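**Student:** Sharing entry-v8.pdb below, PDB, C-alpha atoms and all ligand atoms:
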ATOM      1  CA  LEU A   1     126.818 -61.680  99.338
ATOM      2  CA  ASP A   2     128.077 -64.954  97.883
ATOM      3  CA  GLY A   3     125.217 -66.779  96.270
ATOM      4  CA  ILE A   4     123.199 -63.614  95.798
ATOM      5  CA  GLY A   5     125.483 -61.722  93.433
ATOM      6  CA  PRO A   6     125.214 -58.254  91.941
ATOM      7  CA  VAL A   7     122.322 -56.709  90.058
ATOM      8  CA  ILE A   8     122.918 -57.161  86.329
ATOM      9  CA  LEU A   9     122.354 -53.834  84.594
ATOM     10  CA  SER A  10     120.919 -54.979  81.276
ATOM     11  CA  GLY A  11     120.900 -52.526  78.387
ATOM     12  CA  VAL A  12     118.906 -54.770  76.074
ATOM     13  CA  GLU A  13     115.401 -54.001  77.326
ATOM     14  CA  LEU A  14     115.993 -50.284  77.763
ATOM     15  CA  ALA A  15     117.442 -50.120  74.233
ATOM     16  CA  GLY A  16     114.326 -51.898  72.937
ATOM     17  CA  ARG A  17     112.052 -49.422  74.698
ATOM     18  CA  ILE A  18     113.997 -46.441  73.350
ATOM     19  CA  ARG A  19     113.752 -47.846  69.811
ATOM     20  CA  SER A  20     110.007 -48.450  70.010
ATOM     21  CA  ARG A  21     109.419 -44.952  71.401
ATOM     22  CA  LEU A  22     111.389 -43.529  68.456
ATOM     23  CA  ALA A  23     109.557 -45.745  65.940
ATOM     24  CA  SER A  24     106.169 -44.522  67.122
ATOM     25  CA  GLU A  25     107.274 -40.893  67.054
ATOM     26  CA  ILE A  26     108.487 -41.316  63.459
ATOM     27  CA  ALA A  27     105.314 -43.112  62.399
ATOM     28  CA  SER A  28     103.005 -40.562  64.017
ATOM     29  CA  THR A  29     104.876 -37.513  62.695
ATOM     30  CA  GLY A  30     104.621 -38.679  59.081
ATOM     31  CA  GLY A  31     106.238 -36.812  56.197
ATOM     32  CA  ARG A  32     109.949 -36.989  55.608
ATOM     33  CA  PRO A  33     111.572 -39.644  57.850
ATOM     34  CA  PRO A  34     114.757 -38.892  59.799
ATOM     35  CA  GLY A  35     117.901 -39.578  57.751
ATOM     36  CA  LEU A  36     121.191 -40.900  59.077
ATOM     37  CA  ALA A  37     124.251 -41.003  56.823
ATOM     38  CA  VAL A  38     127.331 -42.991  57.769
ATOM     39  CA  VAL A  39     130.590 -42.203  56.015
ATOM     40  CA  MET A  40     132.969 -45.130  55.815
ATOM     41  CA  VAL A  41     136.452 -44.896  54.348
ATOM     42  CA  GLY A  42     138.075 -48.188  53.336
ATOM     43  CA  ASP A  43     136.796 -51.678  54.067
ATOM     44  CA  ASP A  44     137.878 -52.570  57.601
ATOM     45  CA  PRO A  45     135.871 -55.763  58.342
ATOM     46  CA  ALA A  46     134.879 -54.806  61.927
ATOM     47  CA  SER A  47     133.720 -51.379  60.692
ATOM     48  CA  SER A  48     131.655 -53.026  57.942
ATOM     49  CA  VAL A  49     129.833 -55.064  60.587
ATOM     50  CA  TYR A  50     129.137 -51.964  62.719
ATOM     51  CA  VAL A  51     127.985 -49.966  59.704
ATOM     52  CA  SER A  52     125.554 -52.604  58.477
ATOM     53  CA  SER A  53     124.105 -53.036  61.978
ATOM     54  CA  LYS A  54     123.506 -49.274  62.091
ATOM     55  CA  GLU A  55     121.768 -49.472  58.690
ATOM     56  CA  LYS A  56     119.515 -52.303  59.896
ATOM     57  CA  ALA A  57     118.725 -50.473  63.138
ATOM     58  CA  CYS A  58     117.608 -47.433  61.106
ATOM     59  CA  ALA A  59     115.368 -49.499  58.836
ATOM     60  CA  ARG A  60     113.688 -51.201  61.815
ATOM     61  CA  ILE A  61     112.372 -47.912  63.210
ATOM     62  CA  GLY A  62     111.430 -46.257  59.907
ATOM     63  CA  MET A  63     114.520 -44.112  59.599
ATOM     64  CA  ALA A  64     116.337 -43.600  56.295
ATOM     65  CA  GLY A  65     119.830 -44.969  56.828
ATOM     66  CA  SER A  66     122.489 -44.670  54.148
ATOM     67  CA  VAL A  67     126.161 -45.521  53.923
ATOM     68  CA  LEU A  68     128.582 -43.507  51.852
ATOM     69  CA  ARG A  69     131.514 -45.788  51.127
ATOM     70  CA  LEU A  70     134.761 -44.128  50.068
ATOM     71  CA  ARG A  71     137.804 -46.027  48.858
ATOM     72  CA  GLY A  72     140.588 -46.545  51.397
ATOM     73  CA  ASP A  73     142.941 -44.432  49.279
ATOM     74  CA  SER A  74     140.567 -41.443  49.155
ATOM     75  CA  THR A  75     142.253 -38.191  50.152
ATOM     76  CA  GLN A  76     141.288 -36.184  53.216
ATOM     77  CA  GLU A  77     139.924 -33.498  50.876
ATOM     78  CA  GLU A  78     137.633 -36.097  49.247
ATOM     79  CA  ALA A  79     136.382 -37.222  52.654
ATOM     80  CA  LEU A  80     135.731 -33.596  53.682
ATOM     81  CA  ALA A  81     133.924 -32.929  50.382
ATOM     82  CA  ALA A  82     131.675 -35.941  51.019
ATOM     83  CA  VAL A  83     130.825 -34.598  54.488
ATOM     84  CA  ARG A  84     130.075 -31.123  53.087
ATOM     85  CA  ALA A  85     127.725 -32.615  50.490
ATOM     86  CA  LEU A  86     125.837 -34.418  53.284
ATOM     87  CA  ASN A  87     125.703 -31.146  55.270
ATOM     88  CA  GLU A  88     123.817 -29.639  52.310
ATOM     89  CA  ASP A  89     121.476 -32.610  51.816
ATOM     90  CA  PRO A  90     118.053 -31.752  53.300
ATOM     91  CA  ALA A  91     117.127 -35.459  53.639
ATOM     92  CA  VAL A  92     120.056 -36.058  56.005
ATOM     93  CA  ASP A  93     119.629 -35.147  59.692
ATOM     94  CA  GLY A  94     122.555 -37.047  61.169
ATOM     95  CA  ILE A  95     126.076 -37.647  59.870
ATOM     96  CA  LEU A  96     128.744 -39.785  61.415
ATOM     97  CA  CYS A  97     132.077 -40.996  60.240
ATOM     98  CA  GLN A  98     132.864 -44.599  61.094
ATOM     99  CA  LEU A  99     136.198 -44.897  62.925
ATOM    100  CA  PRO A 100     138.959 -45.875  62.558
ATOM    101  CA  LEU A 101     139.895 -43.788  59.526
ATOM    102  CA  PRO A 102     142.971 -44.544  57.416
ATOM    103  CA  ALA A 103     146.065 -42.894  58.940
ATOM    104  CA  HIS A 104     146.243 -40.167  56.268
ATOM    105  CA  ILE A 105     142.819 -38.751  57.236
ATOM    106  CA  SER A 106     142.502 -36.736  60.449
ATOM    107  CA  PRO A 107     139.440 -37.762  62.491
ATOM    108  CA  SER A 108     139.253 -34.320  64.062
ATOM    109  CA  ALA A 109     139.314 -32.602  60.645
ATOM    110  CA  VAL A 110     136.383 -34.779  59.585
ATOM    111  CA  SER A 111     134.337 -34.266  62.753
ATOM    112  CA  SER A 112     134.969 -30.514  62.594
ATOM    113  CA  ALA A 113     133.583 -30.465  59.034
ATOM    114  CA  ILE A 114     130.211 -31.929  60.052
ATOM    115  CA  ASP A 115     127.383 -29.401  60.481
ATOM    116  CA  PRO A 116     127.016 -29.248  64.313
ATOM    117  CA  SER A 117     123.232 -29.659  63.959
ATOM    118  CA  LYS A 118     123.854 -33.019  62.186
ATOM    119  CA  ASP A 119     126.734 -34.164  64.396
ATOM    120  CA  VAL A 120     125.075 -37.222  65.960
ATOM    121  CA  ASP A 121     128.339 -38.566  67.418
ATOM    122  CA  GLY A 122     128.798 -35.287  69.301
ATOM    123  CA  LEU A 123     132.419 -34.829  68.248
ATOM    124  CA  HIS A 124     132.260 -31.369  66.630
ATOM    125  CA  PRO A 125     134.068 -28.767  68.797
ATOM    126  CA  GLU A 126     130.829 -26.800  69.159
ATOM    127  CA  ASN A 127     129.001 -29.783  70.671
ATOM    128  CA  VAL A 128     132.004 -30.687  72.850
ATOM    129  CA  GLY A 129     131.969 -27.114  74.192
ATOM    130  CA  ARG A 130     128.209 -27.219  74.737
ATOM    131  CA  LEU A 131     128.555 -30.453  76.710
ATOM    132  CA  TRP A 132     131.206 -29.040  79.038
ATOM    133  CA  ARG A 133     129.239 -25.805  79.461
ATOM    134  CA  GLY A 134     126.081 -27.719  80.337
ATOM    135  CA  GLU A 135     124.186 -26.422  77.285
ATOM    136  CA  GLU A 136     121.834 -28.173  74.861
ATOM    137  CA  GLY A 137     123.550 -30.004  72.007
ATOM    138  CA  LEU A 138     124.283 -33.372  70.425
ATOM    139  CA  PHE A 139     126.486 -35.535  72.642
ATOM    140  CA  PRO A 140     128.301 -38.891  72.261
ATOM    141  CA  CYS A 141     126.001 -41.902  72.268
ATOM    142  CA  THR A 142     127.837 -44.345  74.570
ATOM    143  CA  PRO A 143     127.972 -41.925  77.530
ATOM    144  CA  LEU A 144     124.328 -40.947  76.907
ATOM    145  CA  GLY A 145     123.505 -44.659  77.059
ATOM    146  CA  ILE A 146     125.349 -45.065  80.362
ATOM    147  CA  MET A 147     123.447 -42.132  81.907
ATOM    148  CA  ALA A 148     120.153 -43.586  80.636
ATOM    149  CA  LEU A 149     121.003 -46.971  82.164
ATOM    150  CA  LEU A 150     121.858 -45.436  85.556
ATOM    151  CA  GLY A 151     118.569 -43.528  85.449
ATOM    152  CA  GLU A 152     116.645 -46.659  84.515
ATOM    153  CA  TYR A 153     117.988 -48.512  87.572
ATOM    154  CA  ARG A 154     117.561 -45.419  89.800
ATOM    155  CA  ILE A 155     121.246 -45.302  90.612
ATOM    156  CA  GLY A 156     121.842 -41.841  92.065
ATOM    157  CA  ILE A 157     125.009 -40.055  91.065
ATOM    158  CA  GLU A 158     124.730 -36.865  93.096
ATOM    159  CA  GLY A 159     127.638 -36.470  95.500
ATOM    160  CA  VAL A 160     129.084 -39.913  94.755
ATOM    161  CA  ARG A 161     132.664 -40.609  93.813
ATOM    162  CA  VAL A 162     133.039 -41.694  90.175
ATOM    163  CA  VAL A 163     136.268 -42.959  88.644
ATOM    164  CA  VAL A 164     136.402 -43.214  84.842
ATOM    165  CA  ILE A 165     139.263 -45.228  83.342
ATOM    166  CA  GLY A 166     140.014 -44.134  79.761
ATOM    167  CA  ARG A 167     140.066 -40.593  78.368
ATOM    168  CA  SER A 168     138.896 -40.948  74.770
ATOM    169  CA  ASP A 169     136.842 -38.197  73.128
ATOM    170  CA  ILE A 170     134.021 -40.648  72.432
ATOM    171  CA  VAL A 171     133.660 -42.236  75.915
ATOM    172  CA  GLY A 172     135.976 -41.208  78.768
ATOM    173  CA  LYS A 173     135.908 -37.412  78.483
ATOM    174  CA  PRO A 174     132.187 -37.031  77.696
ATOM    175  CA  ILE A 175     131.038 -39.457  80.426
ATOM    176  CA  ALA A 176     133.176 -37.465  82.874
ATOM    177  CA  ALA A 177     131.406 -34.264  81.780
ATOM    178  CA  MET A 178     127.952 -35.850  82.102
ATOM    179  CA  MET A 179     128.726 -37.289  85.543
ATOM    180  CA  LEU A 180     130.036 -33.890  86.626
ATOM    181  CA  HIS A 181     126.799 -32.205  85.534
ATOM    182  CA  ALA A 182     124.921 -34.878  87.499
ATOM    183  CA  ASN A 183     126.859 -33.620  90.556
ATOM    184  CA  ALA A 184     129.235 -36.544  90.972
ATOM    185  CA  THR A 185     132.833 -36.035  92.059
ATOM    186  CA  VAL A 186     134.721 -37.310  89.039
ATOM    187  CA  THR A 187     138.266 -38.570  88.559
ATOM    188  CA  LEU A 188     139.526 -39.386  85.047
ATOM    189  CA  ALA A 189     142.186 -42.090  85.056
ATOM    190  CA  HIS A 190     144.245 -43.260  82.084
ATOM    191  CA  SER A 191     147.358 -45.150  81.038
ATOM    192  CA  HIS A 192     149.669 -42.798  82.987
ATOM    193  CA  THR A 193     147.684 -42.905  86.232
ATOM    194  CA  ARG A 194     149.700 -44.126  89.217
ATOM    195  CA  GLU A 195     148.288 -46.551  91.775
ATOM    196  CA  LEU A 196     145.197 -47.165  89.670
ATOM    197  CA  GLN A 197     143.928 -49.967  91.929
ATOM    198  CA  ASN A 198     143.943 -47.789  95.030
ATOM    199  CA  LEU A 199     142.237 -44.979  93.169
ATOM    200  CA  CYS A 200     139.538 -47.267  91.786
ATOM    201  CA  ARG A 201     138.893 -48.756  95.230
ATOM    202  CA  GLU A 202     137.607 -45.332  96.313
ATOM    203  CA  ALA A 203     134.962 -45.280  93.583
ATOM    204  CA  ASP A 204     131.254 -45.686  94.311
ATOM    205  CA  VAL A 205     130.799 -45.927  90.540
ATOM    206  CA  LEU A 206     133.599 -47.220  88.331
ATOM    207  CA  VAL A 207     133.413 -46.754  84.552
ATOM    208  CA  ALA A 208     135.954 -48.862  82.649
ATOM    209  CA  ALA A 209     136.546 -47.776  79.020
ATOM    210  CA  VAL A 210     139.978 -49.199  78.253
ATOM    211  CA  GLY A 211     139.771 -52.197  75.928
ATOM    212  CA  ARG A 212     141.833 -54.628  78.065
ATOM    213  CA  PRO A 213     139.758 -57.745  78.609
ATOM    214  CA  GLY A 214     139.342 -58.798  82.245
ATOM    215  CA  MET A 215     141.576 -56.048  83.613
ATOM    216  CA  ILE A 216     139.195 -55.024  86.408
ATOM    217  CA  THR A 217     139.276 -57.659  89.123
ATOM    218  CA  ARG A 218     137.869 -57.463  92.657
ATOM    219  CA  GLU A 219     141.087 -55.806  93.858
ATOM    220  CA  PHE A 220     140.021 -52.662  91.956
ATOM    221  CA  LEU A 221     136.614 -52.451  93.575
ATOM    222  CA  LYS A 222     135.072 -50.981  96.675
ATOM    223  CA  GLN A 223     132.544 -53.245  98.385
ATOM    224  CA  GLY A 224     129.063 -52.445  97.082
ATOM    225  CA  SER A 225     130.208 -50.319  94.142
ATOM    226  CA  VAL A 226     128.500 -50.033  90.754
ATOM    227  CA  VAL A 227     130.628 -51.113  87.788
ATOM    228  CA  ILE A 228     129.995 -49.936  84.222
ATOM    229  CA  ASP A 229     131.927 -52.009  81.695
ATOM    230  CA  VAL A 230     132.300 -50.141  78.396
ATOM    231  CA  GLY A 231     135.155 -52.233  77.036
ATOM    232  CA  ILE A 232     134.552 -54.533  74.085
ATOM    233  CA  SER A 233     137.399 -56.783  72.969
ATOM    234  CA  ARG A 234     137.223 -59.666  70.532
ATOM    235  CA  THR A 235     138.996 -62.637  72.079
ATOM    236  CA  SER A 236     139.124 -66.337  71.310
ATOM    237  CA  ASP A 237     136.326 -66.706  73.935
ATOM    238  CA  GLY A 238     134.143 -64.198  72.084
ATOM    239  CA  LEU A 239     133.379 -60.599  73.123
ATOM    240  CA  ARG A 240     134.867 -59.637  76.480
ATOM    241  CA  GLY A 241     134.606 -56.524  78.584
ATOM    242  CA  ASP A 242     137.239 -54.801  80.702
ATOM    243  CA  VAL A 243     135.743 -56.338  83.836
ATOM    244  CA  ASP A 244     136.584 -59.819  85.097
ATOM    245  CA  PHE A 245     132.961 -60.583  85.802
ATOM    246  CA  GLY A 246     133.535 -63.628  88.000
ATOM    247  CA  SER A 247     135.963 -61.823  90.267
ATOM    248  CA  ALA A 248     134.118 -58.482  90.343
ATOM    249  CA  SER A 249     130.763 -60.019  91.147
ATOM    250  CA  HIS A 250     132.000 -61.014  94.632
ATOM    251  CA  VAL A 251     132.383 -57.345  95.530
ATOM    252  CA  CYS A 252     130.206 -55.010  93.434
ATOM    253  CA  SER A 253     126.487 -54.397  93.977
ATOM    254  CA  ALA A 254     125.658 -53.902  90.283
ATOM    255  CA  VAL A 255     127.482 -54.468  87.000
ATOM    256  CA  THR A 256     126.819 -54.196  83.259
ATOM    257  CA  PRO A 257     127.324 -57.441  81.305
ATOM    258  CA  VAL A 258     129.315 -57.703  78.064
ATOM    259  CA  PRO A 259     127.599 -58.249  75.706
ATOM    260  CA  GLY A 260     124.151 -56.874  76.562
ATOM    261  CA  GLY A 261     125.071 -53.954  78.813
ATOM    262  CA  VAL A 262     126.275 -50.648  77.405
ATOM    263  CA  GLY A 263     126.660 -51.878  73.801
ATOM    264  CA  PRO A 264     122.976 -52.067  72.763
ATOM    265  CA  LEU A 265     122.351 -48.610  74.220
ATOM    266  CA  THR A 266     124.979 -46.996  72.018
ATOM    267  CA  ILE A 267     123.020 -47.679  68.823
ATOM    268  CA  ALA A 268     119.702 -46.797  70.488
ATOM    269  CA  LEU A 269     121.088 -43.408  71.530
ATOM    270  CA  LEU A 270     122.512 -42.866  68.041
ATOM    271  CA  LEU A 271     118.985 -43.279  66.680
ATOM    272  CA  SER A 272     117.715 -41.001  69.428
ATOM    273  CA  ASN A 273     120.271 -38.301  68.563
ATOM    274  CA  THR A 274     119.223 -38.529  64.897
ATOM    275  CA  VAL A 275     115.553 -38.117  65.818
ATOM    276  CA  LYS A 276     116.496 -35.151  68.017
ATOM    277  CA  ALA A 277     118.335 -33.537  65.067
ATOM    278  CA  TRP A 278     115.379 -34.327  62.762
ATOM    279  CA  ARG A 279     112.882 -32.641  65.105
ATOM    280  CA  LYS A 280     115.043 -29.511  65.096
ATOM    281  CA  HIS A 281     115.420 -29.569  61.323
ATOM    282  CA  LEU A 282     111.636 -29.966  60.862
ATOM    283  CA  ALA A 283     110.837 -27.120  63.255
TER     284      ALA A 283
HETATM  285  P1  LIG B   1     140.613 -45.766  73.287
HETATM  286  O1  LIG B   1     140.743 -47.136  72.733
HETATM  287  O2  LIG B   1     140.714 -44.592  72.390
HETATM  288  O3  LIG B   1     141.630 -45.517  74.481
HETATM  289  C1  LIG B   1     141.784 -46.372  75.578
HETATM  290  C2  LIG B   1     141.908 -45.562  76.844
HETATM  291  O4  LIG B   1     142.321 -46.443  77.881
HETATM  292  C3  LIG B   1     142.966 -44.467  76.755
HETATM  293  O5  LIG B   1     142.409 -43.236  77.226
HETATM  294  C4  LIG B   1     144.093 -44.931  77.693
HETATM  295  O6  LIG B   1     144.695 -43.866  78.421
HETATM  296  C5  LIG B   1     143.380 -45.891  78.614
HETATM  297  N1  LIG B   1     144.264 -46.976  79.041
HETATM  298  C6  LIG B   1     144.947 -47.839  78.239
HETATM  299  N2  LIG B   1     145.643 -48.713  78.989
HETATM  300  C7  LIG B   1     145.399 -48.408  80.274
HETATM  301  C8  LIG B   1     145.837 -48.951  81.506
HETATM  302  N3  LIG B   1     146.646 -49.983  81.563
HETATM  303  N4  LIG B   1     145.374 -48.380  82.639
HETATM  304  C9  LIG B   1     144.530 -47.324  82.609
HETATM  305  N5  LIG B   1     144.083 -46.789  81.456
HETATM  306  C10 LIG B   1     144.511 -47.316  80.307
HETATM  307  O7  LIG B   1     139.212 -45.674  74.098
HETATM  308  P2  LIG B   1     137.715 -45.870  73.598
HETATM  309  O8  LIG B   1     137.570 -45.577  72.148
HETATM  310  O9  LIG B   1     136.921 -45.129  74.597
HETATM  311  O10 LIG B   1     137.476 -47.443  73.769
HETATM  312  C11 LIG B   1     137.669 -48.099  74.992
HETATM  313  C12 LIG B   1     136.977 -49.448  74.972
HETATM  314  O11 LIG B   1     135.562 -49.232  74.908
HETATM  315  C13 LIG B   1     137.300 -50.318  73.761
HETATM  316  O12 LIG B   1     137.266 -51.665  74.173
HETATM  317  C14 LIG B   1     136.145 -50.055  72.818
HETATM  318  O13 LIG B   1     135.925 -51.139  71.944
HETATM  319  C15 LIG B   1     135.020 -49.908  73.789
HETATM  320  N6  LIG B   1     133.887 -49.114  73.307
HETATM  321  C16 LIG B   1     132.642 -49.628  73.525
HETATM  322  C17 LIG B   1     131.527 -48.932  73.138
HETATM  323  C18 LIG B   1     130.180 -49.507  73.425
HETATM  324  O14 LIG B   1     129.224 -49.195  72.748
HETATM  325  N7  LIG B   1     130.049 -50.343  74.457
HETATM  326  C19 LIG B   1     131.650 -47.683  72.507
HETATM  327  C20 LIG B   1     132.939 -47.163  72.318
HETATM  328  C21 LIG B   1     134.040 -47.887  72.738
END
What do you get writing this file as structure tokens?
Ligand code: NAD
**Tutor:**
Amino acid sequence: LDGIGPVILSGVELAGRIRSRLASEIASTGGRPPGLAVVMVGDDPASSVYVSSKEKACARIGMAGSVLRLRGDSTQEEALAAVRALNEDPAVDGILCQLPLPAHISPSAVSSAIDPSKDVDGLHPENVGRLWRGEEGLFPCTPLGIMALLGEYRIGIEGVRVVVIGRSDIVGKPIAAMMLHANATVTLAHSHTRELQNLCREADVLVAAVGRPGMITREFLKQGSVVIDVGISRTSDGLRGDVDFGSASHVCSAVTPVPGGVGPLTIALLLSNTVKAWRKHLA
């Protein structure tokens, strides 16, 4: 395989196509545009960057994006009151709370306060339950993006062995549920997993969502496997994924780049979730 290399699973073009499909749906429906409200508590610089890129992404497709900025010393009750006000606002279809929150505010209290029909991050217990039961609902954007990317490249999941490293509520657990519903055999690995390398070497599809740059080298990979790199770490060399691309590319058959792989799809699927909520609210 040396000299040929793996297929690069690019999320950029698919994300662009999703956004233009959404833009034309919004333009042709007319009337009230979909509204996305982002709640941000405090002024974490990385969060500010994410929040303003979400605002810009909304504007580009004709969606009404707004950011509700609360002071870092706001109480949990104030944050919950802000969410409840957005629940009542008929111009708002999607609500998300930018993480991380200050330590004195419980992320699960906030996500549980969001109206499940506006819960575009898919973190409300009702949507989590719907996902695991295989019912309709709003589900986390990064895993939705991964499933869309696999579909785009016609990578079949049925019957294959998937190992997911990382068990967060926003990536690891929901991608495991989605893979399971797509009939994969799924193993969820995490920081307490023993013999991680051996386990990963059995995977036809490996999803790395850890946040340790370059952790996944060729020793973790089965020959010909598909590698989905969710990790994003800021290093002195710029943004890096969990996968050591140079090493992995000797062994895998396909891999997502960082940046330009899963990342762009996350925002596209956030917009898509908001449009989905909007359609339901209009109906
Ligand atoms: P997290 O940061 O909440 O948790 C990390 C997970 O990795 C935990 O479940 C932990 O058990 C596991 N872990 C830590 N060290 C490990 C080790 N040595 N071996 C095996 N497992 C280990 O998880 P998260 O919020 O899902 O974020 C993971 C990474 O994905 C981060 O780099 C984050 O920036 C990135 N991320 C990217 C996107 C995107 O759009 N591409 C979206 C969300 C998160």
**Student:** Take the point (130.6, -56.1, 94.5) in the file's coordinates, draw a sphere of radius 10 Å around it, and report as a PyMOL selection string every protein, DNA or RNA residue with an atom inside or on it, counting only C-alpha atoms.
**Tutor:** chain A and resi 1-2+5-7+218+221-227+247-255
**Student:** Which of these, A:Gly31, A:Gly72, A:Gly122, A:Gly145, has the shortest distance to ligand LIG 1 (chain B) once you count all atoms listed in the file?
**Tutor:**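 With all atoms listed in the file as the atom set, the closest residue is A:Gly145.
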**Student:** Excluding segment 171-177 of chain A and any residue of its chain fewer than 6 positions from it, enumerate the residues within 9 Å of it, using only C-alpha atoms, and give them as a PyMOL selection string.
**Tutor:** chain A and resi 128+131-132+134+139-144+146-147+162-165+186-189+207-210+230
**Student:** Taking all listed atoms of ligand LIG 1 (chain B), build the axis-aligned box, pad each of the six sides by 3 Å, then write its centre and edge lengths in Å to one decimal as JSON.
**Tutor:**
{"center_x": 137.9, "center_y": -47.5, "center_z": 77.3, "size_x": 23.4, "size_y": 14.4, "size_z": 16.7}
**Student:** Please measure the separation of atom CA of Arg167 of chain A and atom C2 of ligand LIG 1 (chain B), giving the value in Å to one decimal.
**Tutor:**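 These atoms are spaced 5.5 Å apart.
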**Student:** Report the distance between atom CA of Gly263 of chain A and atom C9 of ligand LIG 1 (chain B) in Å, rounded to one decimal place.
**Tutor:**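 Going from atom CA of Gly263 of chain A over to atom C9 of ligand LIG 1 (chain B), I get 20.4 Å.
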**Student:** Using Å and a single decimal, report how far atom CA of Pro264 of chain A sits from atom CA of Glu136 of chain A.
**Tutor:**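 Answer for the atom CA of Glu136 of chain A to atom CA of Pro264 of chain A separation: 24.0 Å.
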**Student:** I need the residue set behind the PyMOL selection byres (((chain A and resi 257) around 8) and not hetatm) for this file; please write it as a ChimeraX atom specification.
**Tutor:** /A:8-10,229,241,245,255-256,258-262
**Student:** Which residue, A:Asp242, A:Glu202, A:Glu126, A:Asp44, has the smallest gap to ligand LIG 1 (chain B) when you use only C-alpha atoms and all ligand atoms?
**Tutor:**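 Selected residue with least distance to ligand LIG 1 (chain B): A:Asp242.
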**Student:** Considering only C-alpha atoms and all ligand atoms, can you say which of A:Val41, A:Ala91, A:Ala85, A:Ala15 comes closest to ligand LIG 1 (chain B)?
**Tutor:**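 Smallest separation from ligand LIG 1 (chain B) among the options: A:Ala15.
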